[in-house]
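Peer 1: Just passing along the structure, written as structure tokens.
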There are 2 protein chains.
Amino acid sequence: MTSIELFDTTLRDGTQGEHVTLTAQDKLRIARRLDAFGIDVIEGGWPGSNPKDRAFFELARDVEWRHAQICAFGSTRRVQFAPEDDPNLQELLRAETPAVSIFGKSWTLHATVALGVTLEENLDLIRSSVAYLKAHGKRVIYDAEHFFDGYRDDAAYALETLRAAAEAGADVLVLCDTNGGTMPGELARIVAHVCERFDQPIGIHAHNDSGCAVANTLMAVEAGARHVQGTINGIGERTGNADLCAVIPGLQLKLGYDCVAPARLATLTDLSHFVDEVANLDPVDRAPYVGRSAFAHKGGIHVSAVMKEPRAYEHLEPEAVGNKRRVLVSDLSGRSNVRYKADELGIDLQETSQARKAVERIKELEHLGYEFEGAEASFELLLRASQGEQAEFFRVERARVHSEKGDAHFECSQATILIDVQGTRTLVAAEGVGPVDALSKALHQGLSDFYPCLDDVRLADYKVRVIDPQDGTAAQVRVLVEHRDDVRSWHTVGVSANILEASWQALADGLRYYLLHHATTGSAEAAPGDGAAGDGAAGESPPENEMAAPAAPH
Amino acid sequence: MTSIELFDTTLRDGTQGEHVTLTAQDKLRIARRLDAFGIDVIEGGWPGSNPKDRAFFELARDVEWRHAQICAFGSTRRVQFAPEDDPNLQELLRAETPAVSIFGKSWTLHATVALGVTLEENLDLIRSSVAYLKAHGKRVIYDAEHFFDGYRDDAAYALETLRAAAEAGADVLVLCDTNGGTMPGELARIVAHVCERFDQPIGIHAHNDSGCAVANTLMAVEAGARHVQGTINGIGERTGNADLCAVIPGLQLKLGYDCVAPARLATLTDLSHFVDEVANLDPVDRAPYVGRSAFAHKGGIHVSAVMKEPRAYEHLEPEAVGNKRRVLVSDLSGRSNVRYKADELGIDLQETSQARKAVERIKELEHLGYEFEGAEASFELLLRASQGEQAEFFRVERARVHSEKGDAHFECSQATILIDVQGTRTLVAAEGVGPVDALSKALHQGLSDFYPCLDDVRLADYKVRVIDPQDGTAAQVRVLVEHRDDVRSWHTVGVSANILEASWQALADGLRYYLLHHATTGSAEAAPGDGAAGDGAAGESPPENEMAAPAAPH
């Protein structure tokens, strides 16, 4: 089977999308997940463009990547600088990544108008920049920006720019449909033409402005490309990039190329949801392969037919990409998923009745708006509770939160809670910058005498979404909370019409999860989920090592 | 120029999509709009399947269609009935449409398993059904269901089914990728193969399960198809149908086929929004050609370049499809972005010093974590304030929010505010499901006597992110709020370490923005931004008509 190199640019081109903002920590979480999934090259950002991207590469340096090469992105040098003085190339070196991707101009229009250089100067910019980075031991992925537009205007010159990069030692030549306007037929012909002329592997980078990014990518591979760039869920500038969640199964399951191990491919839907959750984006129900509606069948005969002979109504097995068939009236699937998760966590659902009970509870909560994809710790607590495992640790009998605003701003909030730990009832009060922070602090204060290990735990992130429950009597909010200790982070969820109640559920779950894994051992060394999640490779909680956590919010 | 027949199935296959429900009246509104746009055939529904579809055809009978043929959909006869006794074929005749589309089985698997007939019987079902409808004077569009899957399994038989339909007089032979799993290269080869063998026009009906519906449709036309089926915005079962909003401009503007008059094509974006409005669906910002983000540019250098030479960064003129260029305000932005936005809003930044001042303030706020990309209303207020325009309307001197939790849950919250409006100070108290809701209600209550127009305004969405400020002294939260009236929606932002303060800023901005555009006229008819954004064409708030907004959250 011919192998295809997968290059993910979610963290770089993806963040060019409207409404997409990722912190350096968010990026690290996503990168770890991409690495576990089997992505070959992860483009982390443009260190020359902003401090956030520089921070990511600093964090990335301390991570042991299992499979992926981390890659920094930048442009060819500016005409007024020699490579060794060019600020952008210097930033690329400072990122200390094994691979770099640099873009150069293929289109005469861009060279002359946007850069204001001669066509010969442009070739030299490409040549000297690639050569400089090669001399510093980098793997160089050369992005030929606007290649197809350039080729249409002046094919000979567009090919010359590729030749310049190739001769200077570029390891991959990537043809970019930067404006996204190229039609699949023409694109395939051009890719084939280029592949005939170069020995280097050819890559494809497609945008979706014509609605053809996925197809263009697949056609390019059929025409000879062996390196594929895209983003998870197709996020990106304007209409987005080629969606790797559609490209990868297309290449592997339809066209027979080798991209990732089949077991990894079966986590594709999880990966898709994970990225949406971290980026705080609404998942697209209609997304091919990974969308909630992708294998949804609307009632009746169709459904019984699909049960009898799935391939009559489904283009592939949903399980191959980690998705599931849905019957829109009543969801019939699920028990095997829960079993799979339980196995991952080392929870033995011995009896069928136990598994059924857990599934019922999960379905009930999902119906209310809970979502466990981004909240593996809540999911584990729930699963253990359904097996009768006790993990309450504390009970809050009463709580009050009070916030006050003067003429200018809301000042800090106060929370008072009456907490019962191991039979001892204590009244504690705490102040925080906001009501959630006040609650969190009061809770910590009430627990610290009993569970000193919680001193290492802090509230690290907090996300709120308004959701539209199926039977919409009132709008609900879903709160996702991230806690961290010095070693790793874990996520919990709460849902309510009241934002404080939802926050409370998630906060309390977060501490309970930690206590479950630490209170008995009393040691902060045993990492949450470690014993349970095996190597975490395909699980919901990849190991994370986010040392530079922000201060506890609000 | 070769002409392509456009067949729209929004009203039939589109309604198979999850969350898509259209009344007969909705269908009529959409059909009229499709007719005006220049669609050739409008498939209105399956009269044999439900009374709503029958009602549509009754209504459609009384309309004078300018251009479009109305078409009723159904299956070939059932094996136990002769055509004249078949309930489904009789319903098709009763619909009294000039055209009918009927689907038959091309795949041996479906004929034998789903229908339970012999392969020869299946051919006769097709033949006799088509012949019967032709004998009744109908134009017959024959949909070869699962054609590509059938062809892959048994090409000779799949072609035989087409032959049966053709010999019985079918006017168009439509090749359906019903399960949506066919790859573009293979699909194009099969279409070309069929086109060689038949004199009848060949049609294409593609589903998007592999993310290739648009490209598959374009490739099919390049391979010889002359009839194209799809839906507006690609709505439809599972992952949807081929999106005509991407197919039509692709065919006409990229590949040079003749579909609709150019003046009609320039209303495509309106058509897309109209269908979303009637169907009460969220518009997809990232949709090719017609999406809100389709021509959105981030980043300063990029923006100045796009102003200089649009084709350097845009695959076509947005105006050709009735869309418009948008410049996003982001942390990569510079003065040219701000100037561009000010122009759009009709704000005259006469002096360079004013523009510089505005940019400085924006950068300062962005550094604090504000993001104006999704908060055009806050941005406008800010820009106006930087020019000395006053838009305060009210001042809150004091506010208190109180929430309490018993043993079980946080119950509702109370807010008390002391508000000064036009010199009158009032103390108001309100209860809400959560603290933000309580604040929002108190504010509304305090303002409603002075500004009755606010009765039309409701809190529609609310999002919170914890952000990682660059110089991280303390973690901040960013709150994005959406308000709506009956006509449109607008977005505001607030940032603080205290979630209530951030929410407060966004809430107050939202109401101020509305008052700015309504308080003087006292009329809810004047849409926000209208006065400012000229005809609203290039503004951030396209006309929206979202009648069924969710209940106010928390």
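Letters for chains follow the order of the structure tokens (A, B, ...), residue numbers begin at 1 for each chain, and ligand numbers begin at 1 in the order shown.
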Find the nearest atom pair between each residue of chain B and chain A for residues within 6 Å, count only C-alpha atoms, give distances in Å to one decimal, sort rows by chain and ascending number, and present the table as a Markdown table.
Peer 2:
```
| residue | atom | partner | partner_atom | distance |
| --- | --- | --- | --- | --- |
| B:Asn179 | CA | A:His315 | CA | 5.3 |
| B:Gly181 | CA | A:His315 | CA | 4.9 |
| B:Asp209 | CA | A:Pro288 | CA | 4.9 |
| B:Ser210 | CA | A:Pro288 | CA | 5.6 |
| B:Gly211 | CA | A:Pro288 | CA | 5.5 |
| B:Cys212 | CA | A:Ala215 | CA | 5.4 |
| B:Ala215 | CA | A:Cys212 | CA | 5.4 |
| B:Arg238 | CA | A:Ala294 | CA | 4.7 |
| B:Thr239 | CA | A:Arg286 | CA | 4.3 |
| B:Arg286 | CA | A:Thr239 | CA | 4.3 |
| B:Ala287 | CA | A:Thr239 | CA | 5.9 |
| B:Pro288 | CA | A:Asp209 | CA | 4.9 |
| B:Ser293 | CA | A:Arg238 | CA | 4.9 |
| B:Ala294 | CA | A:Arg238 | CA | 4.7 |
| B:Phe295 | CA | A:Arg238 | CA | 5.9 |
| B:Ala296 | CA | A:Arg238 | CA | 5.5 |
| B:Tyr313 | CA | A:Asn179 | CA | 5.9 |
| B:Glu314 | CA | A:Asn179 | CA | 5.7 |
| B:His315 | CA | A:Gly181 | CA | 4.9 |
| B:Glu397 | CA | A:Asp407 | CA | 4.4 |
| B:Arg398 | CA | A:Gly406 | CA | 4.7 |
| B:Ala399 | CA | A:Lys405 | CA | 4.8 |
| B:Arg400 | CA | A:Glu404 | CA | 4.4 |
| B:Val401 | CA | A:Ser403 | CA | 5.1 |
| B:His402 | CA | A:His402 | CA | 4.6 |
| B:Ser403 | CA | A:Val401 | CA | 5.1 |
| B:Glu404 | CA | A:Arg400 | CA | 4.4 |
| B:Lys405 | CA | A:Ala399 | CA | 4.8 |
| B:Gly406 | CA | A:Arg398 | CA | 4.7 |
| B:Asp407 | CA | A:Glu397 | CA | 4.5 |
| B:Phe410 | CA | A:Glu501 | CA | 5.1 |
| B:Val433 | CA | A:Asn498 | CA | 5.2 |
| B:Gly434 | CA | A:Asn498 | CA | 4.2 |
| B:Lys463 | CA | A:Arg465 | CA | 5.4 |
| B:Val464 | CA | A:Val464 | CA | 4.9 |
| B:Arg465 | CA | A:Lys463 | CA | 5.1 |
| B:Val466 | CA | A:Tyr462 | CA | 5.8 |
| B:Ala474 | CA | A:Ala551 | CA | 5.7 |
| B:Ala475 | CA | A:Pro553 | CA | 4.7 |
| B:Ala497 | CA | A:His554 | CA | 4.8 |
| B:Asn498 | CA | A:Gly434 | CA | 4.1 |
| B:Ile499 | CA | A:Gly434 | CA | 5.7 |
| B:Glu501 | CA | A:Phe410 | CA | 5.1 |
| B:Ala551 | CA | A:Ala475 | CA | 5.6 |
| B:Pro553 | CA | A:Ala475 | CA | 4.9 |
| B:His554 | CA | A:Asn498 | CA | 4.9 |
```
Peer 1: Find the residues around Ile42 (chain B) up to 12 Å (only C-alpha atoms counted), leave out those fewer than 5 positions away in its own chain, and share them as a ChimeraX atom specification.
Peer 2: /B:5-14,27-28,30-37,56-57,60,65,67-73,97-101,141,228-232
Peer 1: Take the selection from the previous step and output its residues with C-alpha atoms, as a PDB file, in the first residue's frame.
Peer 2:
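The resulting again.pdb:
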```pdb
ATOM      1  CA  GLU B   5     -30.539  22.003 -16.520  1.00  0.00           C
ATOM      2  CA  LEU B   6     -30.822  22.854 -12.817  1.00  0.00           C
ATOM      3  CA  PHE B   7     -33.033  20.549 -10.806  1.00  0.00           C
ATOM      4  CA  ASP B   8     -33.648  21.619  -7.223  1.00  0.00           C
ATOM      5  CA  THR B   9     -34.702  19.077  -4.603  1.00  0.00           C
ATOM      6  CA  THR B  10     -34.536  21.277  -1.507  1.00  0.00           C
ATOM      7  CA  LEU B  11     -38.246  20.712  -0.947  1.00  0.00           C
ATOM      8  CA  ARG B  12     -37.968  16.930  -1.244  1.00  0.00           C
ATOM      9  CA  ASP B  13     -34.533  15.486  -0.495  1.00  0.00           C
ATOM     10  CA  GLY B  14     -33.624  18.614   1.502  1.00  0.00           C
ATOM     11  CA  LYS B  27     -42.356  25.195   0.483  1.00  0.00           C
ATOM     12  CA  LEU B  28     -44.395  27.540  -1.629  1.00  0.00           C
ATOM     13  CA  ILE B  30     -39.107  28.744  -1.334  1.00  0.00           C
ATOM     14  CA  ALA B  31     -40.436  27.469  -4.677  1.00  0.00           C
ATOM     15  CA  ARG B  32     -41.388  30.999  -5.751  1.00  0.00           C
ATOM     16  CA  ARG B  33     -37.940  32.177  -4.864  1.00  0.00           C
ATOM     17  CA  LEU B  34     -36.298  29.315  -6.758  1.00  0.00           C
ATOM     18  CA  ASP B  35     -38.459  30.138  -9.768  1.00  0.00           C
ATOM     19  CA  ALA B  36     -37.435  33.777  -9.643  1.00  0.00           C
ATOM     20  CA  PHE B  37     -33.794  32.742  -9.358  1.00  0.00           C
ATOM     21  CA  PHE B  56     -47.990  21.765  -1.648  1.00  0.00           C
ATOM     22  CA  PHE B  57     -48.917  20.511  -5.114  1.00  0.00           C
ATOM     23  CA  ALA B  60     -48.553  25.097  -6.621  1.00  0.00           C
ATOM     24  CA  TRP B  65     -44.535  29.951 -12.612  1.00  0.00           C
ATOM     25  CA  HIS B  67     -39.672  29.765 -15.582  1.00  0.00           C
ATOM     26  CA  ALA B  68     -39.638  26.596 -13.506  1.00  0.00           C
ATOM     27  CA  GLN B  69     -41.322  23.267 -14.106  1.00  0.00           C
ATOM     28  CA  ILE B  70     -42.839  21.841 -10.934  1.00  0.00           C
ATOM     29  CA  CYS B  71     -42.050  18.183 -10.437  1.00  0.00           C
ATOM     30  CA  ALA B  72     -43.561  15.486  -8.208  1.00  0.00           C
ATOM     31  CA  PHE B  73     -41.420  12.620  -6.916  1.00  0.00           C
ATOM     32  CA  THR B  97     -47.350  18.639 -12.435  1.00  0.00           C
ATOM     33  CA  PRO B  98     -45.791  18.937 -15.884  1.00  0.00           C
ATOM     34  CA  ALA B  99     -42.839  16.820 -14.770  1.00  0.00           C
ATOM     35  CA  VAL B 100     -42.432  13.766 -12.564  1.00  0.00           C
ATOM     36  CA  SER B 101     -39.302  12.136 -11.196  1.00  0.00           C
ATOM     37  CA  ILE B 141     -37.045  12.274 -15.060  1.00  0.00           C
ATOM     38  CA  VAL B 228     -27.786  18.610 -12.207  1.00  0.00           C
ATOM     39  CA  GLN B 229     -29.679  17.855  -9.002  1.00  0.00           C
ATOM     40  CA  GLY B 230     -28.994  19.424  -5.647  1.00  0.00           C
ATOM     41  CA  THR B 231     -30.351  21.508  -2.797  1.00  0.00           C
ATOM     42  CA  ILE B 232     -29.885  25.063  -1.623  1.00  0.00           C
TER      43      ILE B 232
END
```
Peer 1: Under the rule that only C-alpha atoms are counted, which of B:Gln422, B:Gln390, B:Ser378, B:Gln200 is the nearest residue to Ala508 (chain B)?
Peer 2: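 For Ala508 (chain B), the nearest of the candidates is B:Ser378.
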Peer 1: Check region 102-338 of chain B with DSSP on the backbone and list each residue it calls strand (DSSP E or B), as a ChimeraX atom specification.
Peer 2: /B:102-105,139-145,172-177,202-207,227-231,241,243,258,296-297,326-327
Peer 1: Would you put the residues from that selection into a file with N, CA, C and O atoms, as a short mmCIF file (atom, residue, chain, number, x, y, z; two decimals), in the first residue's frame?
Peer 2:
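So again_7.cif came out as:
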```
data_model
loop_
_atom_site.label_atom_id
_atom_site.label_comp_id
_atom_site.auth_asym_id
_atom_site.auth_seq_id
_atom_site.Cartn_x
_atom_site.Cartn_y
_atom_site.Cartn_z
N ILE B 102 -39.20 9.73 -11.06
CA ILE B 102 -39.42 8.46 -10.36
C ILE B 102 -38.10 7.72 -10.23
O ILE B 102 -37.25 7.77 -11.10
N PHE B 103 -37.98 7.06 -9.08
CA PHE B 103 -36.72 6.33 -8.87
C PHE B 103 -36.96 4.84 -9.00
O PHE B 103 -38.00 4.31 -8.61
N GLY B 104 -35.95 4.17 -9.56
CA GLY B 104 -35.96 2.72 -9.68
C GLY B 104 -34.63 2.18 -9.21
O GLY B 104 -33.67 2.92 -8.97
N LYS B 105 -34.57 0.88 -9.06
CA LYS B 105 -33.38 0.22 -8.52
C LYS B 105 -32.38 -0.12 -9.60
O LYS B 105 -32.72 -0.78 -10.59
N ARG B 139 -43.46 14.83 -18.50
CA ARG B 139 -42.02 14.77 -18.70
C ARG B 139 -41.49 13.86 -17.59
O ARG B 139 -41.78 14.09 -16.40
N VAL B 140 -40.74 12.83 -17.94
CA VAL B 140 -40.30 11.86 -16.94
C VAL B 140 -38.79 11.94 -16.71
O VAL B 140 -37.99 11.74 -17.64
N ILE B 141 -38.45 12.24 -15.47
CA ILE B 141 -37.04 12.27 -15.06
C ILE B 141 -36.79 10.98 -14.28
O ILE B 141 -37.40 10.78 -13.22
N TYR B 142 -35.98 10.12 -14.81
CA TYR B 142 -35.77 8.81 -14.19
C TYR B 142 -34.54 8.85 -13.28
O TYR B 142 -33.41 9.08 -13.74
N ASP B 143 -34.76 8.64 -11.97
CA ASP B 143 -33.66 8.61 -11.01
C ASP B 143 -33.17 7.18 -10.82
O ASP B 143 -33.88 6.36 -10.24
N ALA B 144 -31.97 6.91 -11.25
CA ALA B 144 -31.39 5.58 -11.07
C ALA B 144 -30.74 5.53 -9.70
O ALA B 144 -29.58 5.91 -9.51
N GLU B 145 -31.51 5.03 -8.73
CA GLU B 145 -31.07 5.02 -7.34
C GLU B 145 -29.86 4.09 -7.17
O GLU B 145 -29.80 3.03 -7.79
N VAL B 172 -34.90 12.17 -19.08
CA VAL B 172 -33.57 12.36 -18.50
C VAL B 172 -33.24 11.11 -17.70
O VAL B 172 -34.13 10.54 -17.04
N LEU B 173 -32.00 10.67 -17.76
CA LEU B 173 -31.55 9.53 -16.94
C LEU B 173 -30.60 10.07 -15.88
O LEU B 173 -29.50 10.53 -16.21
N VAL B 174 -31.02 10.01 -14.65
CA VAL B 174 -30.23 10.61 -13.58
C VAL B 174 -29.47 9.53 -12.82
O VAL B 174 -30.07 8.60 -12.29
N LEU B 175 -28.15 9.70 -12.74
CA LEU B 175 -27.32 8.75 -12.02
C LEU B 175 -27.19 9.23 -10.57
O LEU B 175 -26.67 10.31 -10.32
N CYS B 176 -27.68 8.43 -9.64
CA CYS B 176 -27.71 8.86 -8.23
C CYS B 176 -26.61 8.17 -7.44
O CYS B 176 -26.50 6.94 -7.46
N ASP B 177 -25.82 8.97 -6.72
CA ASP B 177 -24.89 8.39 -5.74
C ASP B 177 -25.60 8.46 -4.40
O ASP B 177 -25.30 9.29 -3.54
N ILE B 202 -28.01 12.97 -19.60
CA ILE B 202 -27.67 12.27 -18.36
C ILE B 202 -27.64 13.28 -17.22
O ILE B 202 -27.14 14.40 -17.38
N GLY B 203 -28.19 12.90 -16.07
CA GLY B 203 -28.20 13.78 -14.89
C GLY B 203 -27.34 13.21 -13.78
O GLY B 203 -26.94 12.04 -13.81
N ILE B 204 -27.04 14.07 -12.80
CA ILE B 204 -26.24 13.63 -11.65
C ILE B 204 -26.93 14.07 -10.36
O ILE B 204 -27.43 15.18 -10.25
N HIS B 205 -26.97 13.15 -9.41
CA HIS B 205 -27.58 13.41 -8.11
C HIS B 205 -26.60 12.88 -7.06
O HIS B 205 -26.46 11.68 -6.89
N ALA B 206 -25.89 13.80 -6.39
CA ALA B 206 -24.80 13.38 -5.50
C ALA B 206 -25.11 13.71 -4.05
O ALA B 206 -25.71 14.74 -3.75
N HIS B 207 -24.71 12.82 -3.16
CA HIS B 207 -24.77 13.08 -1.72
C HIS B 207 -23.36 13.29 -1.19
O HIS B 207 -22.39 12.86 -1.80
N HIS B 227 -27.71 17.60 -16.71
CA HIS B 227 -28.82 17.85 -15.78
C HIS B 227 -28.25 17.64 -14.39
O HIS B 227 -27.59 16.62 -14.12
N VAL B 228 -28.47 18.61 -13.50
CA VAL B 228 -27.79 18.61 -12.21
C VAL B 228 -28.81 18.72 -11.09
O VAL B 228 -29.64 19.62 -11.11
N GLN B 229 -28.76 17.79 -10.14
CA GLN B 229 -29.68 17.86 -9.00
C GLN B 229 -28.93 18.25 -7.73
O GLN B 229 -27.80 17.85 -7.52
N GLY B 230 -29.61 19.02 -6.91
CA GLY B 230 -28.99 19.42 -5.65
C GLY B 230 -29.97 20.22 -4.82
O GLY B 230 -31.14 20.38 -5.19
N THR B 231 -29.49 20.71 -3.68
CA THR B 231 -30.35 21.51 -2.80
C THR B 231 -29.66 22.82 -2.45
O THR B 231 -28.43 22.92 -2.51
N ASN B 241 -27.03 16.90 0.44
CA ASN B 241 -26.93 16.74 -1.01
C ASN B 241 -25.88 17.69 -1.57
O ASN B 241 -25.35 18.53 -0.85
N ASP B 243 -24.53 20.87 -2.90
CA ASP B 243 -24.98 22.22 -2.59
C ASP B 243 -25.04 23.06 -3.87
O ASP B 243 -24.01 23.41 -4.44
N ASP B 258 -23.59 27.32 -18.99
CA ASP B 258 -24.66 28.30 -18.85
C ASP B 258 -25.73 27.73 -17.92
O ASP B 258 -26.34 26.70 -18.23
N ALA B 296 -13.87 36.72 3.85
CA ALA B 296 -13.42 37.44 5.04
C ALA B 296 -11.91 37.38 5.13
O ALA B 296 -11.31 36.33 4.95
N HIS B 297 -11.30 38.51 5.40
CA HIS B 297 -9.83 38.55 5.45
C HIS B 297 -9.37 38.96 6.84
O HIS B 297 -9.87 39.91 7.42
N ARG B 326 -15.30 40.96 3.50
CA ARG B 326 -15.32 41.44 4.88
C ARG B 326 -13.91 41.48 5.42
O ARG B 326 -13.10 40.62 5.12
N VAL B 327 -13.64 42.50 6.21
CA VAL B 327 -12.34 42.57 6.84
C VAL B 327 -12.54 42.32 8.32
O VAL B 327 -13.37 42.96 8.96
#
```
